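> Here's a structure for you.
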Amino acid sequence: MSVLDYFLRHPNEVLELTLEHLWMVGVSTLLAVAVGLPLGVLLTRRPGWKRAVLGGANVAQTIPSLALFGFLLTLPWLRQQRADYLAILALTLYALLPVIRNTHAGIAGVDPAVVEAGRGMGLTGRQLLFQVELPLAMGVILAGVRVAAVIGVGLATIAAAIGAGGLGEYIFRGVAMVNDQLILAGVIPAALLALAADFGLGLVEKRLRAA
Amino acid sequence: MSEPANAVIEFRNVSYGLDSERVLLRELSLEVRRGETLVLLGRSGSGKTTTLKLVNRLLEPTAGEVRVEGRATTDWDAIRLRRRIGYVIQEVGLFPHFTVERNVGLVPAVEGWPADRIRARVRELLELVGLDPAWGARTPRELSGGQRQRVGVARALAADPPILLLDEPFGALDPLTRADLQREFRALEQRLGKTVVFVTHDLREALALGSRIALLEAGRLEGVFTPAEFLSARQGLAADYVAAFRTAEQSTSLRGEP
């Protein structure tokens, strides 16, 4: 049975797993932005915290993904939560680093003359941040979000290992049954999702950079 | 202590250092009188930019105090202080994501002026600095260097501050544009009567624009001169400046001869 046959015969199941996948990646990426963007801004104001925060985010990145998903299952309180919430937590941890790093780099990269002019004319820290620094850094920040989302699509396939669903279901099932077509049934939609996320966020990024 | 009459900005024994070894400015005492253009002249590293940034509290003195309108800068709310002081730098620092109009109107906007008053003010200012008000819709990228600096001056004047600080504003421009802007700036200054502190390393510019010239060297004030006093200085650093200036003039006039 070919992949195509499989898609045609189980359209609802494919769609459902794709949506689960999209849900986990979408929510974790949004959470990573919600946490990582303020953290990145904070690092530009408190350079002393840079090592600790970026180091911490780096360490999260180095944990093998299968292990991280597994660890979450063993933690007291956490293991009683829904599996997809655990997966979202793990994915968020992975998405943090590119968001924090790019937010910091984007703001640090704003022309110092522009910042000096803004401070010199009496903008408050908040006005400078929201009217000048963030708009000018937005292209770089979005590039980080784009990386985070694309990595997230790939990593989210591991979520199936802890029963959180998503396109990884097909991959794990296919591996267990030594069925390459079933593996492809998970891989192809995941690859398409990653491409779509990359392309879509790339468009937004381009528009913001041009502005 | 009594306030010297008419002193809008006053440095009282001001020192500024990054730490005890790197002192950029030593025991500066200096006053800037209402309506005058005081030029801070000196080489790079002489402390002139440091002196300027102490006025709008981008830097705070490590010793002594800087008084603006009779109050120490450290007693001012920094934001209120800076909005009373126009600030123009060599790199201009226009906001690249804003139109010219939004750049010029930013301080009035954050001060809460109504939109139509801001628009009228921006038009008025663009005309004042010799730009077509229709250019308000352009972005800084579409302007030449000289036009950008005109916008920079307009932006600094937006909320009609009584004090203007300029840090080598024309230093990055070609000689012809620079001469144009110097001439127009002098006319503008005579019309507006602001208290101006102007930083430059160029003696010609200092002589053309300054009511008085404060000469700085290695973080110390060498003296304060009127342009006439400066030119007739017979000894000291001022005389060296004038000698170098005359030599440069002579070599150009010599080369001009057949």
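Identifiers for the structure tokens are assigned positionally: chains receive A, B, ... in sequence, residues are indexed from 1 per chain, and ligands are indexed from 1 in the order shown.
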So which residues touch stretch 72-86 of chain A within 8 Å, counting only C-alpha atoms, skipping near sequence neighbours fewer than 4 positions away, as a list in words?

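Non-adjacent residues within range: Met24, Leu68, Ala90, Ala159, Ile162, Gly163, Ala164 and Gly165 of chain A.
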
> I need the residues from that last selection saved to file as an mmCIF file, in the first residue's frame (with C-alpha atoms), if you can.


data_model
loop_
_atom_site.group_PDB
_atom_site.id
_atom_site.type_symbol
_atom_site.label_atom_id
_atom_site.label_comp_id
_atom_site.auth_asym_id
_atom_site.auth_seq_id
_atom_site.Cartn_x
_atom_site.Cartn_y
_atom_site.Cartn_z
ATOM 1 C CA MET A 24 1.465 21.601 19.743
ATOM 2 C CA LEU A 68 13.368 15.434 27.711
ATOM 3 C CA ALA A 90 9.080 20.442 26.168
ATOM 4 C CA ALA A 159 5.650 13.867 21.195
ATOM 5 C CA ILE A 162 4.623 10.059 25.303
ATOM 6 C CA GLY A 163 1.206 9.579 23.766
ATOM 7 C CA ALA A 164 0.642 13.220 22.863
ATOM 8 C CA GLY A 165 -0.366 12.406 19.302
#

> Determine, counting only C-alpha atoms, which protein, DNA and RNA residues have an atom within 9 Å of an atom of B:Gly42; residues of the same chain fewer than 5 positions away are not included. Present the result as a ChimeraX atom specification.

/B:47-48,199-203,214-218

> Store the residues picked out above, limited to N, CA and C atoms, as a PDB file, in the first residue's frame.


ATOM      1  N   GLY B  47      37.305  65.638  25.284  1.00  0.00           N
ATOM      2  CA  GLY B  47      36.241  65.702  26.293  1.00  0.00           C
ATOM      3  C   GLY B  47      35.065  66.562  25.885  1.00  0.00           C
ATOM      4  N   LYS B  48      35.027  67.003  24.624  1.00  0.00           N
ATOM      5  CA  LYS B  48      33.941  67.918  24.235  1.00  0.00           C
ATOM      6  C   LYS B  48      32.589  67.218  24.159  1.00  0.00           C
ATOM      7  N   VAL B 199      29.572  71.518  19.432  1.00  0.00           N
ATOM      8  CA  VAL B 199      30.860  70.827  19.499  1.00  0.00           C
ATOM      9  C   VAL B 199      31.460  70.717  18.103  1.00  0.00           C
ATOM     10  N   THR B 200      32.729  71.054  17.977  1.00  0.00           N
ATOM     11  CA  THR B 200      33.405  70.845  16.696  1.00  0.00           C
ATOM     12  C   THR B 200      34.908  70.705  16.919  1.00  0.00           C
ATOM     13  N   HIS B 201      35.598  70.129  15.921  1.00  0.00           N
ATOM     14  CA  HIS B 201      37.062  70.113  15.980  1.00  0.00           C
ATOM     15  C   HIS B 201      37.618  71.078  14.930  1.00  0.00           C
ATOM     16  N   ASP B 202      36.701  71.785  14.258  1.00  0.00           N
ATOM     17  CA  ASP B 202      37.076  72.595  13.108  1.00  0.00           C
ATOM     18  C   ASP B 202      37.091  74.074  13.501  1.00  0.00           C
ATOM     19  N   LEU B 203      38.296  74.670  13.511  1.00  0.00           N
ATOM     20  CA  LEU B 203      38.431  76.057  13.959  1.00  0.00           C
ATOM     21  C   LEU B 203      37.624  77.009  13.090  1.00  0.00           C
ATOM     22  N   ALA B 214      35.170  77.709  23.716  1.00  0.00           N
ATOM     23  CA  ALA B 214      35.845  77.073  24.854  1.00  0.00           C
ATOM     24  C   ALA B 214      36.769  76.013  24.293  1.00  0.00           C
ATOM     25  N   LEU B 215      38.058  76.161  24.570  1.00  0.00           N
ATOM     26  CA  LEU B 215      39.054  75.258  24.003  1.00  0.00           C
ATOM     27  C   LEU B 215      39.372  74.157  25.009  1.00  0.00           C
ATOM     28  N   LEU B 216      39.170  72.909  24.591  1.00  0.00           N
ATOM     29  CA  LEU B 216      39.410  71.765  25.473  1.00  0.00           C
ATOM     30  C   LEU B 216      40.594  70.961  24.952  1.00  0.00           C
ATOM     31  N   GLU B 217      41.370  70.435  25.882  1.00  0.00           N
ATOM     32  CA  GLU B 217      42.491  69.576  25.510  1.00  0.00           C
ATOM     33  C   GLU B 217      42.671  68.541  26.615  1.00  0.00           C
ATOM     34  N   ALA B 218      42.623  67.269  26.241  1.00  0.00           N
ATOM     35  CA  ALA B 218      42.825  66.168  27.179  1.00  0.00           C
ATOM     36  C   ALA B 218      41.990  66.317  28.446  1.00  0.00           C
TER      37      ALA B 218
END

> Could the residues of chain B within 12 Å of chain A, counting only C-alpha atoms, be given as a short mmCIF file (atom, residue, chain, number, x, y, z; two decimals) with N, CA and C atoms, in the first residue's frame, please?


data_model
loop_
_atom_site.label_atom_id
_atom_site.label_comp_id
_atom_site.auth_asym_id
_atom_site.auth_seq_id
_atom_site.Cartn_x
_atom_site.Cartn_y
_atom_site.Cartn_z
N LEU B 52 29.18 67.82 26.49
CA LEU B 52 27.83 68.02 25.94
C LEU B 52 26.82 67.07 26.58
N LYS B 53 27.24 65.80 26.71
CA LYS B 53 26.30 64.80 27.24
C LYS B 53 26.02 65.00 28.72
N LEU B 54 26.89 65.76 29.39
CA LEU B 54 26.62 66.06 30.80
C LEU B 54 25.48 67.05 30.93
N VAL B 55 25.25 67.84 29.87
CA VAL B 55 24.20 68.86 29.94
C VAL B 55 22.82 68.22 29.91
N ASN B 56 22.60 67.26 29.00
CA ASN B 56 21.27 66.64 28.96
C ASN B 56 21.23 65.32 29.73
N ARG B 57 22.19 65.15 30.59
CA ARG B 57 22.22 64.04 31.53
C ARG B 57 22.25 62.68 30.85
N LEU B 58 22.81 62.63 29.64
CA LEU B 58 23.13 61.31 29.09
C LEU B 58 24.29 60.74 29.90
N LEU B 59 25.05 61.67 30.52
CA LEU B 59 26.08 61.28 31.49
C LEU B 59 25.86 62.11 32.75
N ASP B 77 14.22 65.82 36.59
CA ASP B 77 13.75 64.57 36.00
C ASP B 77 14.40 64.49 34.62
N ALA B 78 15.15 63.41 34.36
CA ALA B 78 15.97 63.34 33.14
C ALA B 78 15.12 63.54 31.89
N ILE B 79 13.92 62.97 31.89
CA ILE B 79 13.08 63.06 30.69
C ILE B 79 12.62 64.50 30.46
N ARG B 80 12.19 65.17 31.55
CA ARG B 80 11.76 66.58 31.42
C ARG B 80 12.92 67.45 30.97
N LEU B 81 14.09 67.18 31.55
CA LEU B 81 15.28 67.97 31.19
C LEU B 81 15.56 67.84 29.70
N ARG B 82 15.58 66.58 29.22
CA ARG B 82 15.94 66.36 27.81
C ARG B 82 14.91 66.94 26.86
N ARG B 83 13.66 67.02 27.27
CA ARG B 83 12.66 67.58 26.37
C ARG B 83 12.75 69.10 26.30
N ARG B 84 13.50 69.71 27.22
CA ARG B 84 13.75 71.15 27.14
C ARG B 84 15.03 71.45 26.37
N ILE B 85 15.70 70.39 25.90
CA ILE B 85 17.00 70.56 25.26
C ILE B 85 17.00 69.83 23.93
N GLY B 86 17.15 70.57 22.84
CA GLY B 86 17.27 69.92 21.53
C GLY B 86 18.65 69.30 21.38
N TYR B 87 18.72 68.15 20.72
CA TYR B 87 19.98 67.41 20.66
C TYR B 87 20.20 66.94 19.23
N VAL B 88 21.32 67.35 18.65
CA VAL B 88 21.63 66.97 17.27
C VAL B 88 23.01 66.33 17.25
N ILE B 89 23.12 65.13 16.65
CA ILE B 89 24.43 64.46 16.60
C ILE B 89 24.88 64.27 15.16
N GLN B 90 26.17 64.01 15.01
CA GLN B 90 26.74 63.90 13.67
C GLN B 90 26.06 62.82 12.84
N GLU B 91 25.79 61.67 13.47
CA GLU B 91 25.16 60.56 12.73
C GLU B 91 23.67 60.79 12.52
N VAL B 92 23.17 61.90 12.98
CA VAL B 92 21.78 62.32 12.89
C VAL B 92 20.85 61.42 13.70
N GLY B 93 20.90 60.10 13.42
CA GLY B 93 20.06 59.19 14.20
C GLY B 93 18.58 59.37 13.95
N LEU B 94 18.20 59.63 12.69
CA LEU B 94 16.77 59.65 12.38
C LEU B 94 16.22 58.24 12.53
N PHE B 95 14.95 58.13 12.90
CA PHE B 95 14.33 56.82 13.04
C PHE B 95 14.00 56.31 11.64
N PRO B 96 14.68 55.26 11.19
CA PRO B 96 14.54 54.85 9.78
C PRO B 96 13.16 54.31 9.45
N HIS B 97 12.40 53.87 10.46
CA HIS B 97 11.09 53.29 10.18
C HIS B 97 9.97 54.33 10.24
N PHE B 98 10.33 55.58 10.52
CA PHE B 98 9.35 56.67 10.56
C PHE B 98 9.52 57.55 9.32
N THR B 99 8.42 58.20 8.90
CA THR B 99 8.55 59.22 7.87
C THR B 99 9.26 60.43 8.48
N ARG B 102 6.97 62.08 10.96
CA ARG B 102 6.88 61.45 12.28
C ARG B 102 8.15 61.64 13.09
N ASN B 103 9.29 61.66 12.38
CA ASN B 103 10.55 61.93 13.06
C ASN B 103 10.52 63.29 13.74
N VAL B 104 10.13 64.30 12.95
CA VAL B 104 10.14 65.67 13.48
C VAL B 104 9.07 65.83 14.56
N GLY B 105 7.94 65.15 14.37
CA GLY B 105 6.82 65.35 15.30
C GLY B 105 6.82 64.43 16.50
N LEU B 106 7.90 63.66 16.70
CA LEU B 106 7.85 62.64 17.75
C LEU B 106 7.75 63.24 19.16
N VAL B 107 8.59 64.21 19.46
CA VAL B 107 8.54 64.78 20.81
C VAL B 107 7.19 65.46 21.07
N PRO B 108 6.70 66.31 20.14
CA PRO B 108 5.34 66.84 20.35
C PRO B 108 4.31 65.72 20.53
N ALA B 109 4.46 64.62 19.79
CA ALA B 109 3.49 63.53 19.90
C ALA B 109 3.54 62.90 21.29
N VAL B 110 4.75 62.62 21.80
CA VAL B 110 4.81 62.00 23.12
C VAL B 110 4.47 63.02 24.22
N GLU B 111 4.54 64.31 23.87
CA GLU B 111 4.11 65.34 24.82
C GLU B 111 2.60 65.53 24.77
N THR B 139 10.75 58.84 3.67
CA THR B 139 11.49 58.21 4.76
C THR B 139 12.93 58.72 4.71
N PRO B 140 13.65 58.64 5.84
CA PRO B 140 15.02 59.16 5.89
C PRO B 140 15.91 58.57 4.79
N ARG B 141 15.64 57.32 4.42
CA ARG B 141 16.46 56.67 3.40
C ARG B 141 16.46 57.43 2.07
N GLY B 152 17.27 66.50 11.13
CA GLY B 152 17.76 66.34 12.50
C GLY B 152 17.63 67.64 13.29
N VAL B 153 17.97 68.76 12.65
CA VAL B 153 17.84 70.07 13.33
C VAL B 153 16.37 70.39 13.57
N ARG B 155 13.97 68.31 13.98
CA ARG B 155 13.48 67.44 15.05
C ARG B 155 13.88 67.98 16.41
N ALA B 156 15.13 68.48 16.48
CA ALA B 156 15.61 69.00 17.76
C ALA B 156 14.82 70.24 18.18
N LEU B 157 14.32 71.00 17.19
CA LEU B 157 13.61 72.25 17.50
C LEU B 157 12.13 72.03 17.75
N ALA B 158 11.66 70.78 17.56
CA ALA B 158 10.22 70.53 17.47
C ALA B 158 9.42 71.11 18.63
N ALA B 159 9.84 70.83 19.85
CA ALA B 159 9.03 71.29 20.99
C ALA B 159 9.51 72.65 21.49
N ASP B 160 10.21 73.39 20.61
CA ASP B 160 10.70 74.74 20.90
C ASP B 160 11.53 74.80 22.19
N PRO B 161 12.56 73.96 22.29
CA PRO B 161 13.37 73.96 23.52
C PRO B 161 14.23 75.22 23.59
N ILE B 163 17.16 75.42 24.83
CA ILE B 163 18.57 75.08 24.72
C ILE B 163 18.76 74.08 23.59
N LEU B 164 19.88 74.22 22.87
CA LEU B 164 20.17 73.33 21.75
C LEU B 164 21.60 72.82 21.90
N LEU B 165 21.76 71.50 21.84
CA LEU B 165 23.11 70.92 21.87
C LEU B 165 23.39 70.29 20.52
N LEU B 166 24.54 70.61 19.94
CA LEU B 166 24.88 70.03 18.64
C LEU B 166 26.28 69.43 18.69
N ASP B 167 26.39 68.16 18.32
CA ASP B 167 27.67 67.46 18.39
C ASP B 167 28.19 67.20 16.97
#

> What lies within 8 Å of stretch 231-239 of chain B using only C-alpha atoms, ignoring chain neighbours under 3 positions off, as a PDB file with C-alpha atoms, in the first residue's frame?


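The result, written out as around.pdb:
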ATOM      1  CA  LEU B 215      39.054  75.258  24.003  1.00  0.00           C
ATOM      2  CA  GLU B 222      42.404  75.642  28.131  1.00  0.00           C
ATOM      3  CA  PRO B 227      36.548  84.611  18.030  1.00  0.00           C
ATOM      4  CA  ALA B 228      38.610  87.834  17.902  1.00  0.00           C
ATOM      5  CA  VAL B 242      45.568  79.471  14.669  1.00  0.00           C
ATOM      6  CA  ALA B 243      49.064  78.749  13.330  1.00  0.00           C
TER       7      ALA B 243
END

> Work out how far atom CA of A:Ala105 is from atom CA of A:Thr44, in Å to one decimal.

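Result for atom CA of A:Thr44 versus atom CA of A:Ala105: 8.7 Å, one decimal.
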
> Using only C-alpha atoms, which protein or nucleic acid residues come within 9 Å of A:Val35? Drop anything in the same chain fewer than 5 positions from it, and give the result as a list of chain:residue names.

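Skipping anything fewer than 5 positions along the chain leaves A:Leu30, A:Gly40, A:Leu96, A:Val99, A:Ile100.
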
> Take the residues from that selection and put them in a file with C-alpha atoms, as a PDB file, in the first residue's frame.


ATOM      1  CA  LEU A  30       3.559  31.344  20.970  1.00  0.00           C
ATOM      2  CA  GLY A  40      15.539  38.896  25.403  1.00  0.00           C
ATOM      3  CA  LEU A  96      13.155  29.541  23.783  1.00  0.00           C
ATOM      4  CA  VAL A  99      13.644  33.596  20.396  1.00  0.00           C
ATOM      5  CA  ILE A 100      15.706  34.968  23.297  1.00  0.00           C
TER       6      ILE A 100
END

> Which of stretch 17-217 of chain B end up as strand (DSSP E) when DSSP is run on this backbone - answer as a PDB file with N, CA and C atoms, in the first residue's frame?


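See out29.pdb below for the written result:
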ATOM      1  N   GLY B  17      34.646  60.602  34.929  1.00  0.00           N
ATOM      2  CA  GLY B  17      35.578  59.521  34.645  1.00  0.00           C
ATOM      3  C   GLY B  17      34.854  58.199  34.578  1.00  0.00           C
ATOM      4  N   VAL B  23      39.904  59.296  33.313  1.00  0.00           N
ATOM      5  CA  VAL B  23      39.141  60.514  33.563  1.00  0.00           C
ATOM      6  C   VAL B  23      39.040  61.280  32.246  1.00  0.00           C
ATOM      7  N   LEU B  24      37.812  61.509  31.803  1.00  0.00           N
ATOM      8  CA  LEU B  24      37.612  62.148  30.497  1.00  0.00           C
ATOM      9  C   LEU B  24      37.511  63.659  30.608  1.00  0.00           C
ATOM     10  N   LEU B  25      37.169  64.119  31.806  1.00  0.00           N
ATOM     11  CA  LEU B  25      36.968  65.554  31.998  1.00  0.00           C
ATOM     12  C   LEU B  25      37.393  65.899  33.418  1.00  0.00           C
ATOM     13  N   ARG B  26      38.238  66.962  33.554  1.00  0.00           N
ATOM     14  CA  ARG B  26      38.765  67.304  34.870  1.00  0.00           C
ATOM     15  C   ARG B  26      38.368  68.711  35.281  1.00  0.00           C
ATOM     16  N   GLU B  27      37.653  68.802  36.381  1.00  0.00           N
ATOM     17  CA  GLU B  27      37.382  70.076  37.050  1.00  0.00           C
ATOM     18  C   GLU B  27      37.042  71.198  36.089  1.00  0.00           C
ATOM     19  N   LEU B  28      36.014  70.952  35.325  1.00  0.00           N
ATOM     20  CA  LEU B  28      35.577  71.955  34.353  1.00  0.00           C
ATOM     21  C   LEU B  28      34.640  72.956  35.016  1.00  0.00           C
ATOM     22  N   SER B  29      34.974  74.236  34.878  1.00  0.00           N
ATOM     23  CA  SER B  29      34.056  75.284  35.301  1.00  0.00           C
ATOM     24  C   SER B  29      33.822  76.177  34.103  1.00  0.00           C
ATOM     25  N   LEU B  30      32.559  76.374  33.807  1.00  0.00           N
ATOM     26  CA  LEU B  30      32.222  77.040  32.547  1.00  0.00           C
ATOM     27  C   LEU B  30      30.761  77.439  32.617  1.00  0.00           C
ATOM     28  N   GLU B  31      30.424  78.582  32.003  1.00  0.00           N
ATOM     29  CA  GLU B  31      29.007  78.919  31.952  1.00  0.00           C
ATOM     30  C   GLU B  31      28.605  79.267  30.525  1.00  0.00           C
ATOM     31  N   VAL B  32      27.382  78.947  30.231  1.00  0.00           N
ATOM     32  CA  VAL B  32      26.838  79.283  28.914  1.00  0.00           C
ATOM     33  C   VAL B  32      25.715  80.274  29.153  1.00  0.00           C
ATOM     34  N   ARG B  33      25.839  81.445  28.502  1.00  0.00           N
ATOM     35  CA  ARG B  33      24.877  82.523  28.776  1.00  0.00           C
ATOM     36  C   ARG B  33      23.676  82.428  27.867  1.00  0.00           C
ATOM     37  N   THR B  37      25.981  81.336  21.502  1.00  0.00           N
ATOM     38  CA  THR B  37      26.408  80.068  20.942  1.00  0.00           C
ATOM     39  C   THR B  37      27.815  79.807  21.450  1.00  0.00           C
ATOM     40  N   LEU B  38      27.923  78.869  22.374  1.00  0.00           N
ATOM     41  CA  LEU B  38      29.235  78.522  22.897  1.00  0.00           C
ATOM     42  C   LEU B  38      29.751  77.327  22.115  1.00  0.00           C
ATOM     43  N   VAL B  39      30.928  77.487  21.519  1.00  0.00           N
ATOM     44  CA  VAL B  39      31.510  76.378  20.777  1.00  0.00           C
ATOM     45  C   VAL B  39      32.516  75.667  21.667  1.00  0.00           C
ATOM     46  N   LEU B  40      32.394  74.336  21.754  1.00  0.00           N
ATOM     47  CA  LEU B  40      33.409  73.536  22.438  1.00  0.00           C
ATOM     48  C   LEU B  40      34.340  73.026  21.351  1.00  0.00           C
ATOM     49  N   LEU B  41      35.578  73.520  21.379  1.00  0.00           N
ATOM     50  CA  LEU B  41      36.541  73.172  20.339  1.00  0.00           C
ATOM     51  C   LEU B  41      37.603  72.273  20.951  1.00  0.00           C
ATOM     52  N   ALA B  63      32.093  64.158  39.739  1.00  0.00           N
ATOM     53  CA  ALA B  63      32.325  65.151  40.785  1.00  0.00           C
ATOM     54  C   ALA B  63      31.838  66.495  40.283  1.00  0.00           C
ATOM     55  N   GLY B  64      31.475  67.366  41.210  1.00  0.00           N
ATOM     56  CA  GLY B  64      30.956  68.673  40.823  1.00  0.00           C
ATOM     57  C   GLY B  64      29.522  68.567  40.351  1.00  0.00           C
ATOM     58  N   GLU B  65      29.008  69.669  39.813  1.00  0.00           N
ATOM     59  CA  GLU B  65      27.648  69.600  39.307  1.00  0.00           C
ATOM     60  C   GLU B  65      27.456  70.459  38.076  1.00  0.00           C
ATOM     61  N   VAL B  66      26.525  70.007  37.253  1.00  0.00           N
ATOM     62  CA  VAL B  66      26.133  70.778  36.076  1.00  0.00           C
ATOM     63  C   VAL B  66      24.756  71.331  36.368  1.00  0.00           C
ATOM     64  N   ARG B  67      24.617  72.648  36.242  1.00  0.00           N
ATOM     65  CA  ARG B  67      23.317  73.259  36.520  1.00  0.00           C
ATOM     66  C   ARG B  67      22.702  73.757  35.226  1.00  0.00           C
ATOM     67  N   VAL B  68      21.456  73.388  35.032  1.00  0.00           N
ATOM     68  CA  VAL B  68      20.713  73.866  33.864  1.00  0.00           C
ATOM     69  C   VAL B  68      19.545  74.678  34.384  1.00  0.00           C
ATOM     70  N   ARG B  71      19.294  74.666  38.160  1.00  0.00           N
ATOM     71  CA  ARG B  71      19.062  73.437  38.923  1.00  0.00           C
ATOM     72  C   ARG B  71      20.042  72.368  38.453  1.00  0.00           C
ATOM     73  N   ALA B  72      20.612  71.626  39.413  1.00  0.00           N
ATOM     74  CA  ALA B  72      21.562  70.572  39.051  1.00  0.00           C
ATOM     75  C   ALA B  72      20.860  69.524  38.186  1.00  0.00           C
ATOM     76  N   ILE B  85      15.701  70.393  25.904  1.00  0.00           N
ATOM     77  CA  ILE B  85      17.000  70.563  25.259  1.00  0.00           C
ATOM     78  C   ILE B  85      16.998  69.826  23.927  1.00  0.00           C
ATOM     79  N   GLY B  86      17.152  70.566  22.835  1.00  0.00           N
ATOM     80  CA  GLY B  86      17.265  69.919  21.525  1.00  0.00           C
ATOM     81  C   GLY B  86      18.648  69.302  21.383  1.00  0.00           C
ATOM     82  N   TYR B  87      18.717  68.148  20.723  1.00  0.00           N
ATOM     83  CA  TYR B  87      19.984  67.414  20.661  1.00  0.00           C
ATOM     84  C   TYR B  87      20.202  66.936  19.231  1.00  0.00           C
ATOM     85  N   VAL B  88      21.317  67.352  18.653  1.00  0.00           N
ATOM     86  CA  VAL B  88      21.631  66.968  17.268  1.00  0.00           C
ATOM     87  C   VAL B  88      23.008  66.328  17.249  1.00  0.00           C
ATOM     88  N   ILE B  89      23.120  65.126  16.646  1.00  0.00           N
ATOM     89  CA  ILE B  89      24.431  64.465  16.602  1.00  0.00           C
ATOM     90  C   ILE B  89      24.880  64.273  15.158  1.00  0.00           C
ATOM     91  N   ILE B 163      17.161  75.418  24.828  1.00  0.00           N
ATOM     92  CA  ILE B 163      18.574  75.076  24.721  1.00  0.00           C
ATOM     93  C   ILE B 163      18.762  74.077  23.585  1.00  0.00           C
ATOM     94  N   LEU B 164      19.883  74.219  22.868  1.00  0.00           N
ATOM     95  CA  LEU B 164      20.169  73.332  21.748  1.00  0.00           C
ATOM     96  C   LEU B 164      21.600  72.822  21.897  1.00  0.00           C
ATOM     97  N   LEU B 165      21.761  71.502  21.836  1.00  0.00           N
ATOM     98  CA  LEU B 165      23.109  70.919  21.874  1.00  0.00           C
ATOM     99  C   LEU B 165      23.394  70.291  20.521  1.00  0.00           C
ATOM    100  N   LEU B 166      24.544  70.609  19.937  1.00  0.00           N
ATOM    101  CA  LEU B 166      24.883  70.029  18.637  1.00  0.00           C
ATOM    102  C   LEU B 166      26.281  69.432  18.689  1.00  0.00           C
ATOM    103  N   ASP B 167      26.389  68.164  18.323  1.00  0.00           N
ATOM    104  CA  ASP B 167      27.671  67.457  18.390  1.00  0.00           C
ATOM    105  C   ASP B 167      28.190  67.199  16.973  1.00  0.00           C
ATOM    106  N   THR B 195      19.831  79.274  23.315  1.00  0.00           N
ATOM    107  CA  THR B 195      21.134  79.066  23.921  1.00  0.00           C
ATOM    108  C   THR B 195      21.719  77.789  23.315  1.00  0.00           C
ATOM    109  N   VAL B 196      22.896  77.928  22.686  1.00  0.00           N
ATOM    110  CA  VAL B 196      23.423  76.812  21.907  1.00  0.00           C
ATOM    111  C   VAL B 196      24.794  76.390  22.414  1.00  0.00           C
ATOM    112  N   VAL B 197      24.991  75.084  22.549  1.00  0.00           N
ATOM    113  CA  VAL B 197      26.338  74.560  22.767  1.00  0.00           C
ATOM    114  C   VAL B 197      26.667  73.703  21.548  1.00  0.00           C
ATOM    115  N   PHE B 198      27.775  74.024  20.905  1.00  0.00           N
ATOM    116  CA  PHE B 198      28.103  73.447  19.608  1.00  0.00           C
ATOM    117  C   PHE B 198      29.489  72.818  19.684  1.00  0.00           C
ATOM    118  N   VAL B 199      29.572  71.518  19.432  1.00  0.00           N
ATOM    119  CA  VAL B 199      30.860  70.827  19.499  1.00  0.00           C
ATOM    120  C   VAL B 199      31.460  70.717  18.103  1.00  0.00           C
ATOM    121  N   THR B 200      32.729  71.054  17.977  1.00  0.00           N
ATOM    122  CA  THR B 200      33.405  70.845  16.696  1.00  0.00           C
ATOM    123  C   THR B 200      34.908  70.705  16.919  1.00  0.00           C
ATOM    124  N   ARG B 212      31.326  82.576  21.681  1.00  0.00           N
ATOM    125  CA  ARG B 212      32.558  82.338  22.438  1.00  0.00           C
ATOM    126  C   ARG B 212      33.026  80.923  22.139  1.00  0.00           C
ATOM    127  N   ILE B 213      34.319  80.715  22.296  1.00  0.00           N
ATOM    128  CA  ILE B 213      34.897  79.412  21.999  1.00  0.00           C
ATOM    129  C   ILE B 213      35.593  78.890  23.244  1.00  0.00           C
ATOM    130  N   ALA B 214      35.170  77.709  23.716  1.00  0.00           N
ATOM    131  CA  ALA B 214      35.845  77.073  24.854  1.00  0.00           C
ATOM    132  C   ALA B 214      36.769  76.013  24.293  1.00  0.00           C
ATOM    133  N   LEU B 215      38.058  76.161  24.570  1.00  0.00           N
ATOM    134  CA  LEU B 215      39.054  75.258  24.003  1.00  0.00           C
ATOM    135  C   LEU B 215      39.372  74.157  25.009  1.00  0.00           C
ATOM    136  N   LEU B 216      39.170  72.909  24.591  1.00  0.00           N
ATOM    137  CA  LEU B 216      39.410  71.765  25.473  1.00  0.00           C
ATOM    138  C   LEU B 216      40.594  70.961  24.952  1.00  0.00           C
ATOM    139  N   GLU B 217      41.370  70.435  25.882  1.00  0.00           N
ATOM    140  CA  GLU B 217      42.491  69.576  25.510  1.00  0.00           C
ATOM    141  C   GLU B 217      42.671  68.541  26.615  1.00  0.00           C
TER     142      GLU B 217
END

> Could you please determine the separation between atom CA of B:Gly35 and atom CA of B:Val8 in Å, to one decimal place?

8.8 Å

> Could you pull the residues within 9 Å of stretch 146-157 of chain A, counting only C-alpha atoms, minus those fewer than 2 positions along the same chain, as JSON, numbers by chain?

{"A": [21, 22, 24, 25, 26, 28, 29, 32, 65, 87, 88, 91, 92, 94, 95, 96, 97, 98, 99, 141, 142, 143, 144, 159, 160, 161, 165, 166, 167, 168, 169, 171, 172, 186, 187, 190, 191, 193, 194, 195, 197, 198, 199, 200, 201, 202, 205]}

> If DSSP is run on the backbone, what residues of stretch 25-256 of chain B are helix (DSSP H, G or I)? A reply as a PyMOL selection string would be ideal.

chain B and resi 48-55+78-83+100-104+106-110+115-128+133-137+140-142+145-157+175-192+203-209+227-231+236-256

> If you count only C-alpha atoms, which residues fall within 9 Å of A:Gln181, apart from same-chain ones fewer than 5 positions away, as a PyMOL selection string?

chain A and resi 1-4+6+174+186

> Could you please determine the separation between atom CA of B:Glu229 and atom CA of B:Asp174 in Å, to one decimal place?

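For atom CA of B:Glu229 relative to atom CA of B:Asp174, the distance reads 29.0 Å.
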
> For B:Leu188, list every protein, DNA or RNA residue within 9 Å, evaluated using only C-alpha atoms, and leave out those in the same chain fewer than 5 positions away; present the list as a list of chain:residue names.

B:Leu128, B:Val129, B:Arg183, B:Gly193
